[in-house]
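Trainee: Next up, structure.tsv (TSV, C-alpha atoms).
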```tsv
chain	number	residue	atom	x	y	z
A	13	MET	CA	16.04	13.76	-17.49
A	14	SER	CA	19.51	14.60	-18.67
A	15	GLU	CA	18.15	14.90	-22.24
A	16	MET	CA	15.79	17.63	-21.12
A	17	LYS	CA	16.93	20.81	-22.85
A	18	THR	CA	14.61	23.33	-21.27
A	19	ASN	CA	12.55	23.46	-18.17
A	20	PRO	CA	9.44	25.51	-18.93
A	21	MET	CA	8.81	26.13	-15.25
A	22	LYS	CA	12.29	27.46	-14.56
A	23	GLY	CA	12.55	31.13	-13.75
A	24	GLN	CA	8.83	31.77	-13.75
A	25	SER	CA	7.51	33.82	-10.90
A	26	ALA	CA	4.34	32.52	-9.35
A	27	SER	CA	2.23	35.49	-10.31
A	28	ALA	CA	-1.45	35.24	-11.15
A	29	ASP	CA	-0.57	35.58	-14.86
A	30	ASP	CA	1.57	32.46	-14.78
A	31	VAL	CA	-1.04	30.47	-12.94
A	32	ALA	CA	-3.50	31.33	-15.67
A	33	GLN	CA	-1.00	30.31	-18.35
A	34	GLU	CA	-2.08	27.16	-20.19
A	35	TRP	CA	0.24	24.44	-21.36
A	36	PRO	CA	0.29	24.20	-25.17
A	37	LEU	CA	-1.89	21.72	-26.99
A	38	TRP	CA	-0.37	18.70	-28.78
A	39	GLU	CA	-1.87	16.37	-31.37
A	40	VAL	CA	-1.22	12.68	-30.77
A	41	PHE	CA	-0.62	10.04	-33.46
A	42	VAL	CA	-0.42	6.36	-32.55
A	43	ARG	CA	0.84	3.48	-34.66
A	44	SER	CA	-0.94	0.30	-33.65
A	45	LYS	CA	1.66	-2.12	-35.04
A	46	SER	CA	4.74	-2.21	-37.21
A	47	GLY	CA	4.02	-1.54	-40.85
A	48	LEU	CA	0.86	0.46	-40.30
A	49	ASP	CA	0.61	4.24	-40.42
A	50	HIS	CA	0.50	6.50	-37.40
A	51	LYS	CA	-3.11	7.57	-37.00
A	52	HIS	CA	-4.38	10.72	-35.33
A	53	CYS	CA	-6.16	9.74	-32.14
A	54	GLY	CA	-6.61	12.92	-30.12
A	55	SER	CA	-4.88	15.77	-28.34
A	56	LEU	CA	-3.60	16.73	-24.91
A	57	HIS	CA	-1.95	19.55	-22.98
A	58	ALA	CA	1.72	19.28	-21.96
A	59	ALA	CA	4.51	21.67	-21.05
A	60	ASP	CA	7.14	20.32	-23.46
A	61	PRO	CA	7.82	17.49	-25.97
A	62	GLN	CA	9.07	15.07	-23.36
A	63	MET	CA	6.01	15.48	-21.16
A	64	ALA	CA	3.77	15.32	-24.23
A	65	ILE	CA	5.19	11.93	-25.27
A	66	GLN	CA	4.84	10.50	-21.75
A	67	LEU	CA	1.28	11.73	-21.32
A	68	ALA	CA	0.36	10.52	-24.82
A	69	ARG	CA	1.57	7.10	-23.75
A	70	ASP	CA	-0.50	7.29	-20.56
A	71	VAL	CA	-3.67	8.70	-22.08
A	72	TYR	CA	-3.83	7.01	-25.49
A	73	THR	CA	-2.02	3.64	-25.27
A	74	ARG	CA	-3.25	2.24	-21.97
A	75	ARG	CA	-5.27	-0.51	-23.63
A	76	GLN	CA	-2.44	-1.82	-25.81
A	77	GLU	CA	-3.32	0.48	-28.70
A	78	GLY	CA	0.20	1.33	-29.70
A	79	SER	CA	3.75	0.41	-30.54
A	80	SER	CA	4.86	3.94	-31.42
A	81	VAL	CA	3.66	7.46	-30.61
A	82	TRP	CA	4.15	10.82	-32.35
A	83	VAL	CA	3.20	14.18	-30.91
A	84	VAL	CA	3.21	17.53	-32.67
A	85	ARG	CA	2.35	20.98	-31.39
A	86	SER	CA	-1.18	21.73	-32.59
A	87	ASP	CA	-0.16	25.28	-33.56
A	88	GLN	CA	2.39	23.80	-35.97
A	89	ILE	CA	-0.30	22.14	-38.06
A	90	VAL	CA	-1.51	24.13	-41.06
A	91	ALA	CA	-5.14	23.31	-41.83
A	92	SER	CA	-7.48	24.23	-44.63
A	93	ASP	CA	-10.07	26.83	-43.78
A	94	PRO	CA	-13.52	25.29	-43.18
A	95	SER	CA	-15.08	28.21	-45.10
A	96	ASP	CA	-13.10	27.10	-48.16
A	97	LYS	CA	-14.76	23.69	-48.07
A	98	ASP	CA	-17.14	24.35	-50.98
A	99	MET	CA	-14.46	25.79	-53.20
A	100	TYR	CA	-11.87	23.19	-52.32
A	101	PHE	CA	-13.77	19.94	-52.29
A	102	ASP	CA	-17.19	20.19	-53.94
A	103	PRO	CA	-15.88	20.53	-57.53
A	104	MET	CA	-14.64	16.91	-57.36
A	105	GLU	CA	-18.17	15.62	-57.01
A	106	ASP	CA	-18.91	15.32	-60.77
A	107	LYS	CA	-15.45	14.27	-62.00
A	108	VAL	CA	-16.26	10.60	-62.29
A	109	TYR	CA	-13.62	10.19	-65.01
A	110	ARG	CA	-10.97	10.60	-62.29
A	111	HIS	CA	-11.85	7.16	-61.01
A	112	PRO	CA	-10.37	4.17	-62.81
A	113	THR	CA	-13.78	2.48	-62.72
A	114	PHE	CA	-15.04	5.09	-65.21
A	115	TYR	CA	-13.10	3.42	-68.01
A	116	LYS	CA	-14.12	0.26	-69.81
A	117	LEU	CA	-11.23	-2.13	-70.17
A	118	PRO	CA	-10.64	-3.92	-73.46
A	119	SER	CA	-11.51	-7.57	-73.06
A	120	GLU	CA	-7.85	-8.59	-73.75
A	121	VAL	CA	-6.89	-7.01	-70.42
A	122	ASP	CA	-7.69	-9.59	-67.80
A	123	HIS	CA	-7.68	-9.37	-64.07
A	124	MET	CA	-7.14	-5.66	-63.56
B	1321	MET	CA	-21.40	-9.67	11.01
B	1322	THR	CA	-17.85	-9.10	9.86
B	1323	THR	CA	-15.19	-11.32	8.34
B	1324	PRO	CA	-12.58	-12.36	10.90
B	1325	SER	CA	-8.89	-11.70	10.29
B	1326	ILE	CA	-6.64	-14.42	8.93
B	1327	GLN	CA	-3.46	-15.54	10.67
B	1328	VAL	CA	-0.44	-15.79	8.42
B	1329	GLU	CA	2.44	-18.21	8.95
B	1330	LEU	CA	5.34	-15.78	8.68
B	1331	SER	CA	8.24	-17.89	7.47
B	1332	PRO	CA	11.21	-15.84	6.23
B	1333	SER	CA	10.33	-16.42	2.55
B	1334	VAL	CA	6.70	-15.43	3.10
B	1335	GLN	CA	7.82	-12.31	4.97
B	1336	TYR	CA	10.22	-11.41	2.16
B	1337	LEU	CA	7.38	-11.58	-0.38
B	1338	LEU	CA	4.92	-9.77	1.89
B	1339	ARG	CA	7.39	-6.90	2.35
B	1340	LEU	CA	7.56	-6.45	-1.42
B	1341	GLY	CA	3.87	-7.12	-2.06
B	1342	ASP	CA	2.62	-4.87	0.75
B	1343	THR	CA	4.97	-2.05	-0.25
B	1344	ALA	CA	3.50	-2.16	-3.77
B	1345	LEU	CA	-0.06	-2.56	-2.42
B	1346	ILE	CA	0.01	0.37	0.00
B	1347	LEU	CA	1.76	2.71	-2.45
B	1348	GLY	CA	-0.85	1.78	-5.07
B	1349	GLN	CA	-3.64	2.47	-2.58
B	1350	ARG	CA	-2.11	5.85	-1.69
B	1351	LEU	CA	-1.74	6.85	-5.35
B	1352	GLY	CA	-5.36	5.93	-5.93
B	1353	GLU	CA	-6.26	8.84	-3.65
B	1354	TRP	CA	-5.22	11.18	-6.49
B	1355	CYS	CA	-7.87	9.83	-8.83
B	1356	GLY	CA	-9.96	12.83	-9.86
B	1357	HIS	CA	-7.71	15.28	-7.99
B	1358	ALA	CA	-4.47	15.54	-10.01
B	1359	PRO	CA	-3.37	18.97	-11.24
B	1360	VAL	CA	-4.32	18.20	-14.86
B	1361	LEU	CA	-6.45	15.51	-16.48
B	1362	GLU	CA	-3.50	13.90	-18.29
B	1363	GLU	CA	-1.52	13.53	-15.06
B	1364	ASP	CA	-4.59	12.14	-13.30
B	1365	ILE	CA	-4.56	9.28	-15.80
B	1366	ALA	CA	-0.78	8.88	-15.51
B	1367	LEU	CA	-0.98	8.54	-11.71
B	1368	ALA	CA	-3.87	6.09	-11.95
B	1369	ASN	CA	-1.85	4.01	-14.43
B	1370	ILE	CA	1.05	3.85	-11.99
B	1371	ALA	CA	-1.31	2.93	-9.16
B	1372	LEU	CA	-2.82	0.12	-11.23
B	1373	ASP	CA	0.63	-1.21	-12.17
B	1374	LEU	CA	1.52	-1.33	-8.46
B	1375	ILE	CA	-1.74	-3.07	-7.52
B	1376	GLY	CA	-1.07	-5.59	-10.30
B	1377	GLN	CA	2.40	-6.26	-8.93
B	1378	ALA	CA	0.96	-6.60	-5.42
B	1379	ARG	CA	-1.60	-9.15	-6.65
B	1380	THR	CA	1.06	-11.44	-8.13
B	1381	LEU	CA	3.37	-11.06	-5.13
B	1382	LEU	CA	0.63	-11.75	-2.59
B	1383	THR	CA	-0.59	-14.70	-4.62
B	1384	ARG	CA	2.94	-16.14	-4.57
B	1385	ALA	CA	3.27	-15.39	-0.83
B	1386	GLY	CA	0.05	-17.33	-0.24
B	1387	GLU	CA	1.33	-20.28	-2.27
B	1388	LEU	CA	4.61	-20.38	-0.34
B	1389	GLU	CA	2.72	-20.07	2.95
B	1390	GLY	CA	0.66	-23.13	2.04
B	1391	GLN	CA	-2.42	-22.29	4.15
B	1392	GLY	CA	-4.66	-21.71	1.16
B	1393	HIS	CA	-4.73	-17.90	1.48
B	1394	ASP	CA	-5.33	-16.09	-1.81
B	1395	GLU	CA	-4.40	-12.54	-2.85
B	1396	ASP	CA	-7.69	-11.07	-1.65
B	1397	GLN	CA	-7.52	-12.63	1.79
B	1398	LEU	CA	-3.93	-11.46	2.17
B	1399	ALA	CA	-4.70	-7.96	0.94
B	1400	PHE	CA	-7.88	-7.41	2.91
B	1401	LEU	CA	-8.08	-9.68	5.92
B	1402	ARG	CA	-4.82	-9.30	7.80
B	1403	GLU	CA	-4.33	-7.38	11.04
B	1404	GLU	CA	-2.20	-4.25	10.86
B	1405	ARG	CA	0.81	-5.90	12.48
B	1406	ASP	CA	0.87	-8.54	9.73
B	1407	TYR	CA	1.34	-5.93	6.97
B	1408	ARG	CA	5.04	-5.69	6.13
B	1409	ASN	CA	5.30	-2.66	3.85
B	1410	ALA	CA	8.09	-0.13	4.27
B	1411	THR	CA	6.74	2.84	6.24
B	1412	ILE	CA	7.51	5.42	3.54
B	1413	VAL	CA	4.60	4.24	1.36
B	1414	GLU	CA	1.97	4.60	4.09
B	1415	LEU	CA	2.66	8.30	4.76
B	1416	PRO	CA	-0.17	10.58	3.58
B	1417	HIS	CA	0.52	12.96	0.67
B	1418	SER	CA	0.22	15.94	3.00
B	1419	GLY	CA	2.16	19.08	2.25
B	1420	ALA	CA	4.09	21.09	4.82
B	1421	ALA	CA	1.22	23.60	4.94
B	1422	GLY	CA	-1.27	20.86	5.77
B	1423	GLU	CA	-2.80	20.35	2.29
B	1424	SER	CA	-4.26	16.85	2.08
B	1425	ARG	CA	-2.55	16.21	-1.27
B	1426	ASP	CA	0.81	17.75	-2.10
B	1427	PHE	CA	1.91	16.89	-5.63
B	1428	ALA	CA	5.59	17.51	-4.84
B	1429	PHE	CA	5.47	14.93	-2.06
B	1430	THR	CA	3.80	12.41	-4.36
B	1431	VAL	CA	6.21	12.71	-7.28
B	1432	LEU	CA	9.26	12.63	-5.02
B	1433	ARG	CA	8.06	9.52	-3.20
B	1434	ASN	CA	7.22	7.93	-6.55
B	1435	ALA	CA	10.72	8.70	-7.84
B	1436	MET	CA	12.36	7.28	-4.71
B	1437	MET	CA	10.21	4.15	-4.75
B	1438	ALA	CA	10.34	3.57	-8.51
B	1439	THR	CA	14.14	3.74	-8.39
B	1440	TRP	CA	14.15	1.28	-5.52
B	1441	PHE	CA	11.63	-1.07	-7.15
B	1442	ARG	CA	13.47	-0.98	-10.48
B	1443	LEU	CA	16.75	-1.98	-8.80
B	1444	MET	CA	14.91	-4.66	-6.83
B	1445	TRP	CA	13.10	-6.09	-9.88
B	1446	GLU	CA	16.34	-6.20	-11.87
B	1447	ARG	CA	17.84	-8.44	-9.20
B	1448	LEU	CA	14.69	-10.49	-8.69
B	1449	ARG	CA	14.81	-11.55	-12.35
B	1450	GLU	CA	17.60	-13.88	-11.12
B	1451	SER	CA	15.48	-15.29	-8.27
B	1452	SER	CA	15.72	-19.03	-7.59
B	1453	ASP	CA	11.91	-18.92	-7.47
B	1454	ALA	CA	10.85	-19.12	-11.13
B	1455	GLU	CA	7.48	-17.53	-10.37
B	1456	LEU	CA	9.08	-14.50	-8.71
B	1457	ALA	CA	11.63	-14.20	-11.54
B	1458	ALA	CA	8.77	-14.09	-14.06
B	1459	ILE	CA	6.90	-11.44	-12.03
B	1460	ALA	CA	10.10	-9.37	-11.93
B	1461	GLY	CA	10.63	-9.64	-15.69
B	1462	LYS	CA	7.27	-7.97	-16.31
B	1463	ALA	CA	7.39	-5.50	-13.43
B	1464	VAL	CA	10.83	-4.10	-14.23
B	1465	LYS	CA	9.44	-2.52	-17.42
B	1466	GLU	CA	6.66	-0.85	-15.45
B	1467	ALA	CA	9.09	0.43	-12.83
B	1468	ARG	CA	11.37	1.91	-15.51
B	1469	TYR	CA	8.50	4.02	-16.78
B	1470	HIS	CA	7.40	5.02	-13.28
B	1471	GLN	CA	10.95	6.15	-12.61
B	1472	GLN	CA	11.23	8.20	-15.81
B	1473	HIS	CA	7.87	9.87	-15.35
B	1474	SER	CA	8.31	10.77	-11.68
B	1475	ALA	CA	11.98	11.77	-12.04
B	1476	ASP	CA	11.00	14.26	-14.76
B	1477	TRP	CA	8.57	15.86	-12.34
B	1478	VAL	CA	11.18	16.02	-9.59
B	1479	VAL	CA	13.47	17.98	-11.93
B	1480	ARG	CA	10.68	20.23	-13.21
B	1481	LEU	CA	9.52	21.14	-9.71
B	1482	GLY	CA	12.87	21.12	-7.90
B	1483	ASP	CA	14.45	23.32	-10.55
B	1484	GLY	CA	11.25	25.23	-11.22
B	1485	THR	CA	9.59	28.18	-9.50
B	1486	ASP	CA	10.37	29.39	-5.97
B	1487	GLU	CA	7.13	27.80	-4.78
B	1488	SER	CA	7.67	24.44	-6.49
B	1489	ALA	CA	11.27	24.29	-5.19
B	1490	ARG	CA	10.14	25.12	-1.66
B	1491	ARG	CA	7.59	22.29	-1.78
B	1492	MET	CA	10.13	19.83	-3.14
B	1493	ARG	CA	12.61	20.69	-0.37
B	1494	ALA	CA	9.91	20.22	2.28
B	1495	ALA	CA	8.91	16.86	0.76
B	1496	LEU	CA	12.53	15.76	0.59
B	1497	ASP	CA	13.13	16.65	4.25
B	1498	THR	CA	10.16	14.51	5.26
B	1499	LEU	CA	10.69	11.54	2.96
B	1500	TRP	CA	14.46	11.19	3.22
B	1501	ARG	CA	14.19	10.12	6.87
B	1502	TYR	CA	12.17	7.08	5.80
B	1503	ALA	CA	14.62	5.87	3.16
B	1504	PRO	CA	17.04	3.98	5.49
B	1505	GLU	CA	14.36	1.34	6.17
B	1506	LEU	CA	14.60	0.38	2.49
B	1507	PHE	CA	18.26	-0.52	2.94
B	1508	GLU	CA	18.37	-2.43	6.18
B	1509	SER	CA	18.74	-6.19	6.28
B	1510	ASP	CA	17.73	-8.69	8.92
B	1511	ALA	CA	17.19	-12.44	9.25
B	1512	VAL	CA	14.53	-12.33	6.52
B	1513	ASP	CA	17.07	-10.94	4.06
B	1514	ALA	CA	19.77	-13.36	5.17
B	1515	SER	CA	17.41	-16.26	4.48
B	1516	ALA	CA	16.36	-14.88	1.07
B	1517	ALA	CA	19.97	-14.31	0.07
B	1518	ALA	CA	20.95	-17.80	1.24
B	1519	ASN	CA	18.25	-19.62	-0.72
B	1520	GLY	CA	18.45	-17.31	-3.73
B	1521	LEU	CA	14.91	-15.96	-3.39
B	1522	GLY	CA	16.11	-12.35	-3.64
B	1523	PRO	CA	18.77	-9.83	-2.67
B	1524	ARG	CA	19.41	-8.45	0.79
B	1525	TRP	CA	17.77	-5.03	0.89
B	1526	ASP	CA	21.02	-3.39	2.03
B	1527	SER	CA	22.68	-4.41	-1.25
B	1528	LEU	CA	20.47	-1.86	-3.06
B	1529	ARG	CA	21.68	1.07	-0.98
B	1530	GLU	CA	24.70	2.21	-2.98
B	1531	PRO	CA	23.18	1.97	-6.47
B	1532	TRP	CA	20.02	3.69	-5.21
B	1533	LEU	CA	21.97	6.50	-3.58
B	1534	ALA	CA	24.03	7.02	-6.73
B	1535	GLU	CA	20.88	7.42	-8.85
B	1536	MET	CA	19.13	9.63	-6.30
B	1537	ARG	CA	22.16	11.90	-5.93
B	1538	GLU	CA	22.24	12.39	-9.69
B	1539	LEU	CA	18.50	13.10	-9.83
B	1540	LEU	CA	18.58	15.55	-6.91
B	1541	ALA	CA	21.56	17.36	-8.46
B	1542	ASP	CA	19.60	17.72	-11.73
B	1543	ALA	CA	16.68	19.03	-9.67
B	1544	ASN	CA	18.89	21.54	-7.87
B	1545	LEU	CA	18.05	19.93	-4.52
B	1546	ASP	CA	20.56	19.18	-1.75
B	1547	VAL	CA	20.79	15.64	-0.40
B	1548	PRO	CA	19.60	15.91	3.23
B	1549	ALA	CA	21.90	14.90	6.07
B	1550	ASP	CA	21.53	11.37	7.46
B	1551	SER	CA	19.19	11.03	10.40
B	1552	ALA	CA	19.25	8.57	13.28
B	1553	PHE	CA	15.50	7.97	12.91
B	1554	ARG	CA	14.50	4.48	11.74
B	1555	SER	CA	11.02	3.52	10.61
B	1556	THR	CA	9.86	-0.06	11.16
B	1557	GLY	CA	6.90	-0.83	8.89
B	1558	LYS	CA	8.51	-3.89	7.34
B	1559	THR	CA	8.61	-5.59	10.75
B	1560	GLY	CA	4.91	-4.83	11.24
B	1561	VAL	CA	5.22	-1.74	13.44
B	1562	HIS	CA	3.48	1.06	11.54
B	1563	THR	CA	2.70	4.75	11.86
B	1564	GLU	CA	-0.68	6.05	13.00
B	1565	HIS	CA	-1.61	6.50	9.32
B	1566	MET	CA	-1.71	2.77	8.59
B	1567	GLY	CA	-4.95	2.08	10.45
B	1568	TYR	CA	-6.83	4.63	8.35
B	1569	ILE	CA	-5.56	3.12	5.09
B	1570	LEU	CA	-6.57	-0.36	6.20
B	1571	ALA	CA	-10.01	0.84	7.30
B	1572	ASP	CA	-10.48	2.30	3.83
B	1573	MET	CA	-9.16	-0.80	2.08
B	1574	GLN	CA	-10.79	-3.42	4.21
B	1575	HIS	CA	-14.26	-2.23	5.11
B	1576	LEU	CA	-16.01	-3.76	2.08
B	1577	GLN	CA	-14.43	-7.18	2.49
B	1578	ARG	CA	-15.06	-7.07	6.23
B	1579	ALA	CA	-18.68	-5.97	5.89
B	1580	TYR	CA	-19.55	-8.19	2.90
B	1581	PRO	CA	-17.53	-11.40	3.31
B	1582	GLY	CA	-16.28	-12.73	-0.02
B	1583	GLY	CA	-17.98	-9.90	-1.93
B	1584	VAL	CA	-17.03	-9.74	-5.62
B	1585	TRP	CA	-17.82	-7.35	-8.46
```
Using structure tokens, write down the structure that the file contains.
Mentor:
Amino acid sequence: MSEMKTNPMKGQSASADDVAQEWPLWEVFVRSKSGLDHKHCGSLHAADPQMAIQLARDVYTRRQEGSSVWVVRSDQIVASDPSDKDMYFDPMEDKVYRHPTFYKLPSEVDHM
Amino acid sequence: MTTPSIQVELSPSVQYLLRLGDTALILGQRLGEWCGHAPVLEEDIALANIALDLIGQARTLLTRAGELEGQGHDEDQLAFLREERDYRNATIVELPHSGAAGESRDFAFTVLRNAMMATWFRLMWERLRESSDAELAAIAGKAVKEARYHQQHSADWVVRLGDGTDESARRMRAALDTLWRYAPELFESDAVDASAAANGLGPRWDSLREPWLAEMRELLADANLDVPADSAFRSTGKTGVHTEHMGYILADMQHLQRAYPGGVW
């Protein structure tokens, strides 16, 4: 607790506005074992980073899924716009020459 | 047709293990009452995790108590078929989560009790890793990790609420006034402790008092809460004399095993 820099509940008055206030959303990434990547596994609400890490541990690693957890505020993630999907991703459909399998290897090159 | 109660041979070593096992069992049962009722979904899961850790610890401790007793009683018989006077948990864990205003579940009360008990259990497990009983030492080695997390999680809440809004601070102070009076029982020693200390089974409970107080004073200072004055009141659950709340917990816990003898999933 001594590491806790801020207490989000401190100094708030218990007005109806505050009661309605939602904790921010966090995205959770879990690494299943050393050497593997952290993978996105879900999200949760928490008041601050410390609570987010603890709750991520409780919600997403209770069946031995993890050896490391990352959390990041969802509003800090910049995402592509779904309406840009056509423009962004469809043009790649017919660019078969971008795959190595498009090219025929000379027979001298073995075991590629 | 109901299952009759079992009679337990209460040697000092068996009593020592029952005190630990029952304290974990009853606190786990109490925490289970939050399932589906916690303030937010994430905390609901966190509390259930803690409850399940405690029930797991109780299972291993009661199993070991049954082995040392030597009458063939297993964990289920010990958990579900004893009379109230044969339960040896500290009284603090059997108190309901009621708030000062009569709410049936007061979150401040729950997180403060969890912080007090997790600190106590962590100190206890650290010492029990050195137990002369290899089985108990192994149980402690696993449980100490669980208790460390329980302590961190509940202590964070104590600070958030104690040093939080006027309302959360008021609730924490009320919970502290109630719970603090039950702490001395966790640090009193009797013949059971003397026997456990002599044969190396585990520490005398009074040896945990100073380290526990030091950690609690630091936590309460962080939470902007005053340490309450000492009280002359002494609770007696670990000698088998319980509050009026105990009977209701046991009725809840025992009715299936009593009504359906030997029932399993």
Trainee: Take atom CA of Gly1557 of chain B and atom CA of Cys1355 of chain B and report the distance between them in Å, one decimal.
Mentor: 25.4 Å
Trainee: As an exercise, work out the distance from atom CA of Leu1340 of chain B to atom CA of Ala1518 of chain B in Å and give it to one decimal place.
Mentor: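 Straight-line distance from atom CA of Leu1340 of chain B to atom CA of Ala1518 of chain B works out to 17.8 Å.
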Trainee: Kindly provide the residues of chain B that approach chain A to within 10 Å, each paired with its closest atom pair and their distance in Å to one decimal, based on only C-alpha atoms, listed by chain and increasing number, as CSV.
Mentor:
```
residue,atom,partner,partner_atom,distance
B:Val1360,CA,A:His57,CA,8.6
B:Leu1361,CA,A:His57,CA,8.9
B:Glu1362,CA,A:Leu67,CA,6.1
B:Glu1363,CA,A:Leu67,CA,7.1
B:Asp1364,CA,A:Val71,CA,9.5
B:Ile1365,CA,A:Val71,CA,6.4
B:Ala1366,CA,A:Asp70,CA,5.3
B:Leu1367,CA,A:Asp70,CA,9.0
B:Ala1368,CA,A:Asp70,CA,9.3
B:Asn1369,CA,A:Asp70,CA,7.1
B:Ile1370,CA,A:Asp70,CA,9.4
B:Tyr1469,CA,A:Gln66,CA,8.9
B:Gln1472,CA,A:Met13,CA,7.5
B:His1473,CA,A:Gln66,CA,7.1
B:Ala1475,CA,A:Met13,CA,7.1
B:Asp1476,CA,A:Met13,CA,5.8
B:Trp1477,CA,A:Met63,CA,9.2
B:Val1478,CA,A:Met13,CA,9.5
B:Val1479,CA,A:Met13,CA,7.4
B:Arg1480,CA,A:Asn19,CA,6.2
B:Leu1481,CA,A:Met21,CA,7.5
B:Gly1482,CA,A:Lys22,CA,9.2
B:Asp1483,CA,A:Lys22,CA,6.2
B:Gly1484,CA,A:Lys22,CA,4.1
B:Thr1485,CA,A:Gln24,CA,5.6
B:Asp1486,CA,A:Ser25,CA,7.2
B:Glu1487,CA,A:Ala26,CA,7.1
B:Ser1488,CA,A:Met21,CA,9.0
B:Ala1489,CA,A:Lys22,CA,9.9
B:Glu1538,CA,A:Ser14,CA,9.6
B:Leu1539,CA,A:Met13,CA,8.1
B:Asp1542,CA,A:Ser14,CA,7.6
B:Ala1543,CA,A:Met13,CA,9.5
```
Trainee: Emit the selected residues as a short mmCIF file (atom, residue, chain, number, x, y, z; two decimals), keeping the file's coordinate frame, including C-alpha atoms.
Mentor:
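Everything below was put into out-v8.cif:
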```
data_model
loop_
_atom_site.label_atom_id
_atom_site.label_comp_id
_atom_site.auth_asym_id
_atom_site.auth_seq_id
_atom_site.Cartn_x
_atom_site.Cartn_y
_atom_site.Cartn_z
CA VAL B 1360 -4.32 18.20 -14.86
CA LEU B 1361 -6.45 15.51 -16.48
CA GLU B 1362 -3.50 13.90 -18.29
CA GLU B 1363 -1.52 13.53 -15.06
CA ASP B 1364 -4.59 12.14 -13.30
CA ILE B 1365 -4.56 9.28 -15.80
CA ALA B 1366 -0.78 8.88 -15.51
CA LEU B 1367 -0.98 8.54 -11.71
CA ALA B 1368 -3.87 6.09 -11.95
CA ASN B 1369 -1.85 4.01 -14.43
CA ILE B 1370 1.05 3.85 -11.99
CA TYR B 1469 8.50 4.02 -16.78
CA GLN B 1472 11.23 8.20 -15.81
CA HIS B 1473 7.87 9.87 -15.35
CA ALA B 1475 11.98 11.77 -12.04
CA ASP B 1476 11.00 14.26 -14.76
CA TRP B 1477 8.57 15.86 -12.34
CA VAL B 1478 11.18 16.02 -9.59
CA VAL B 1479 13.47 17.98 -11.93
CA ARG B 1480 10.68 20.23 -13.21
CA LEU B 1481 9.52 21.14 -9.71
CA GLY B 1482 12.87 21.12 -7.90
CA ASP B 1483 14.45 23.32 -10.55
CA GLY B 1484 11.25 25.23 -11.22
CA THR B 1485 9.59 28.18 -9.50
CA ASP B 1486 10.37 29.39 -5.97
CA GLU B 1487 7.13 27.80 -4.78
CA SER B 1488 7.67 24.44 -6.49
CA ALA B 1489 11.27 24.29 -5.19
CA GLU B 1538 22.24 12.39 -9.69
CA LEU B 1539 18.50 13.10 -9.83
CA ASP B 1542 19.60 17.72 -11.73
CA ALA B 1543 16.68 19.03 -9.67
#
```
Trainee: Can you measure atom CA of Val1334 of chain B to atom CA of Thr1556 of chain B for me? One decimal in Å is fine.
Mentor: 17.6 Å
Trainee: Would you list the residues near (11.4, -12.1, -3.1), meaning any protein, DNA or RNA residue with an atom at most 10 Å from that point in file coordinates, counting only C-alpha atoms, as a PyMOL selection string?
Mentor: chain B and resi 1333-1341+1381+1384-1385+1444-1445+1447-1449+1451-1453+1455-1457+1460+1513+1516-1517+1520-1524
Trainee: Compare B:Ala1458, B:Ile1412, B:Val1561, B:Leu1528 by their minimum atom-to-atom distance to Trp1500 of chain B, counting all atoms listed in the file, and give me the closest one.
Mentor: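 Once distances to Trp1500 of chain B are computed over all atoms listed in the file, the minimum belongs to B:Ile1412.
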Trainee: Do you know which residues are at most 10 Å from Ala1467 of chain B counting all atoms listed in the file, after dropping those on the same chain fewer than 2 positions away, and could you put them as a count of residues only?
Mentor: 25
Trainee: Which residues, written as a PyMOL selection string, have at least one atom at most 8 Å from segment 33-47 of chain A, with only C-alpha atoms counted and residues fewer than 2 positions away on the same chain left out?
Mentor: chain A and resi 29-31+49-59+64+68+72-73+77-87
Trainee: Those residues you just picked out, can you put them in a file as a JSON list (two decimals), in the coordinates of the input with C-alpha atoms?
Mentor:
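This is the output file out37.json:
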```json
[["chain", "number", "residue", "atom", "x", "y", "z"],
["A", 29, "ASP", "CA", -0.57, 35.58, -14.86],
["A", 30, "ASP", "CA", 1.57, 32.46, -14.78],
["A", 31, "VAL", "CA", -1.04, 30.47, -12.94],
["A", 49, "ASP", "CA", 0.61, 4.24, -40.42],
["A", 50, "HIS", "CA", 0.50, 6.50, -37.40],
["A", 51, "LYS", "CA", -3.11, 7.57, -37.00],
["A", 52, "HIS", "CA", -4.38, 10.72, -35.33],
["A", 53, "CYS", "CA", -6.16, 9.74, -32.14],
["A", 54, "GLY", "CA", -6.61, 12.92, -30.12],
["A", 55, "SER", "CA", -4.88, 15.77, -28.34],
["A", 56, "LEU", "CA", -3.60, 16.73, -24.91],
["A", 57, "HIS", "CA", -1.95, 19.55, -22.98],
["A", 58, "ALA", "CA", 1.72, 19.28, -21.96],
["A", 59, "ALA", "CA", 4.51, 21.67, -21.05],
["A", 64, "ALA", "CA", 3.77, 15.32, -24.23],
["A", 68, "ALA", "CA", 0.36, 10.52, -24.82],
["A", 72, "TYR", "CA", -3.83, 7.01, -25.49],
["A", 73, "THR", "CA", -2.02, 3.64, -25.27],
["A", 77, "GLU", "CA", -3.32, 0.48, -28.70],
["A", 78, "GLY", "CA", 0.20, 1.33, -29.70],
["A", 79, "SER", "CA", 3.75, 0.41, -30.54],
["A", 80, "SER", "CA", 4.86, 3.94, -31.42],
["A", 81, "VAL", "CA", 3.66, 7.46, -30.61],
["A", 82, "TRP", "CA", 4.15, 10.82, -32.35],
["A", 83, "VAL", "CA", 3.20, 14.18, -30.91],
["A", 84, "VAL", "CA", 3.21, 17.53, -32.67],
["A", 85, "ARG", "CA", 2.35, 20.98, -31.39],
["A", 86, "SER", "CA", -1.18, 21.73, -32.59],
["A", 87, "ASP", "CA", -0.16, 25.28, -33.56]]
```
Trainee: For each of B:Arg1405, B:His1393, B:Lys1558, B:His1357, take the minimum atom-to-atom distance to Asp1342 of chain B, counting only C-alpha atoms, then give the residue where this is smallest.
Mentor: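 Nearest candidate to Asp1342 of chain B out of B:Arg1405, B:His1393, B:Lys1558, B:His1357: B:Lys1558.
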